[in-house]
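Below: the structure, in structure tokens.
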Amino acid sequence: MAIEVVDNTTESRFEILVDGKVAGFADYRLLPTKIVLTHTEVAPAYEGQGLAGRLVGHALQASADTGLRVVPVCPYVAKYIKRHPEFESLLDGAEPE
């Protein structure tokens, strides 16, 4: 099973692909200095395989690599950050614009 995470900038979302098929996504709104992560979803056929965690981890690392602050509107993203404190420094306390 080949798993890849890509940034689909046309759709404003990170996508996790399993064998080339979209298995899940994390929607975002990109602002000049921050990224607002609004919704994460994994297709039912792919649930329970840790794909959401891989997807969100990738999105957060990509944000860190580009110097963006993170606004976790999505509850899953907020929980992920609490479980992975290495990403807490990315948090932007401001409300989404």
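Quick note on naming: the chains in the structure tokens go A, B, ... in the order shown, residues restart at 1 in each chain, and ligands are numbered from 1 in order of appearance.
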**Message:** Need the shell around Ala43 in chain A: protein/DNA/RNA residues with any atom at most 10 Å away, counting only C-alpha atoms. Skip same-chain ones fewer than 5 positions apart. Format as a list in words?
**Reply:** Val22, Ala23, Gly24, Phe25, Leu51 and Ala52 of chain A
Write out, as a PDB file, in the first residue's frame, the residues just selected, with C-alpha atoms.
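selection26.pdb, freshly written:
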```pdb
ATOM      1  CA  VAL A  22      -7.713  10.255  -2.337  1.00  0.00           C
ATOM      2  CA  ALA A  23      -8.418   8.618   1.014  1.00  0.00           C
ATOM      3  CA  GLY A  24      -8.776  11.804   3.029  1.00  0.00           C
ATOM      4  CA  PHE A  25      -8.145  15.519   3.144  1.00  0.00           C
ATOM      5  CA  LEU A  51      -4.250   8.172   7.988  1.00  0.00           C
ATOM      6  CA  ALA A  52      -5.770  11.262   9.617  1.00  0.00           C
TER       7      ALA A  52
END
```
**Asked** Mind checking DSSP for chain A and telling me the strand (DSSP E or B) residues as a PyMOL selection string?
**Response** chain A and resi 3-8+13-18+21-30+34-42+69-72+91
Dump of C-alpha atoms for the selected residues, as a CSV table (one decimal), in the first residue's frame:
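What follows is the written file part.csv:
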```csv
chain,number,residue,atom,x,y,z
A,3,ILE,CA,0.7,6.3,1.0
A,4,GLU,CA,1.5,9.9,0.0
A,5,VAL,CA,0.4,13.3,1.3
A,6,VAL,CA,0.2,16.1,-1.2
A,7,ASP,CA,-0.8,19.8,-1.0
A,8,ASN,CA,-3.6,20.3,-3.5
A,13,ARG,CA,-6.4,21.2,1.0
A,14,PHE,CA,-3.8,18.6,1.9
A,15,GLU,CA,-4.8,15.2,0.5
A,16,ILE,CA,-3.6,11.7,1.6
A,17,LEU,CA,-3.5,9.3,-1.2
A,18,VAL,CA,-3.5,5.5,-0.9
A,21,LYS,CA,-6.6,7.5,-4.7
A,22,VAL,CA,-7.7,10.3,-2.3
A,23,ALA,CA,-8.4,8.6,1.0
A,24,GLY,CA,-8.8,11.8,3.0
A,25,PHE,CA,-8.1,15.5,3.1
A,26,ALA,CA,-7.5,18.5,5.4
A,27,ASP,CA,-9.1,21.7,4.2
A,28,TYR,CA,-7.3,25.0,4.8
A,29,ARG,CA,-7.5,28.7,4.3
A,30,LEU,CA,-4.1,30.3,3.5
A,34,LYS,CA,-0.9,31.7,8.8
A,35,ILE,CA,-2.9,28.7,7.8
A,36,VAL,CA,-6.4,28.1,9.1
A,37,LEU,CA,-7.0,24.3,9.2
A,38,THR,CA,-10.8,24.1,9.0
A,39,HIS,CA,-11.8,20.4,8.4
A,40,THR,CA,-10.2,17.0,8.3
A,41,GLU,CA,-11.9,13.9,6.8
A,42,VAL,CA,-11.0,10.4,6.0
A,69,ARG,CA,1.4,30.1,12.2
A,70,VAL,CA,-1.5,27.6,12.6
A,71,VAL,CA,-5.1,28.3,13.6
A,72,PRO,CA,-6.7,24.9,14.3
A,91,LEU,CA,-0.3,28.0,17.3
```
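Computed from the coordinates, the CA of Met1 in chain A to CA of Gly20 in chain A distance equals 9.7 Å.
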**Request:** Would you mind writing down, as number ranges by chain, each residue of chain A that DSSP on the backbone assigns to alpha helix (DSSP H)?
**Result:** A: 51-66, 75-83
Could you turn the residues from that selection into a file that holds C-alpha atoms, as a short mmCIF file (atom, residue, chain, number, x, y, z; two decimals), in the first residue's frame?
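In the end it all went to result-v4.cif:
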```
data_model
loop_
_atom_site.label_atom_id
_atom_site.label_comp_id
_atom_site.auth_asym_id
_atom_site.auth_seq_id
_atom_site.Cartn_x
_atom_site.Cartn_y
_atom_site.Cartn_z
CA LEU A 51 -4.25 8.17 7.99
CA ALA A 52 -5.77 11.26 9.62
CA GLY A 53 -2.79 11.51 11.95
CA ARG A 54 -0.31 11.18 9.08
CA LEU A 55 -2.24 13.77 7.10
CA VAL A 56 -2.42 16.34 9.90
CA GLY A 57 1.18 15.71 10.95
CA HIS A 58 2.28 16.41 7.39
CA ALA A 59 0.16 19.57 7.17
CA LEU A 60 1.62 20.88 10.44
CA GLN A 61 5.18 20.08 9.42
CA ALA A 62 4.64 21.78 6.04
CA SER A 63 3.33 24.84 7.90
CA ALA A 64 6.39 24.85 10.16
CA ASP A 65 8.72 24.48 7.18
CA THR A 66 7.18 27.52 5.48
CA PRO A 75 -11.29 19.84 16.35
CA TYR A 76 -9.17 16.91 15.15
CA VAL A 77 -6.23 19.22 14.42
CA ALA A 78 -6.56 20.85 17.85
CA LYS A 79 -6.55 17.41 19.54
CA TYR A 80 -3.59 16.30 17.44
CA ILE A 81 -1.56 19.31 18.55
CA LYS A 82 -2.39 18.59 22.20
CA ARG A 83 -1.11 15.02 21.73
#
```
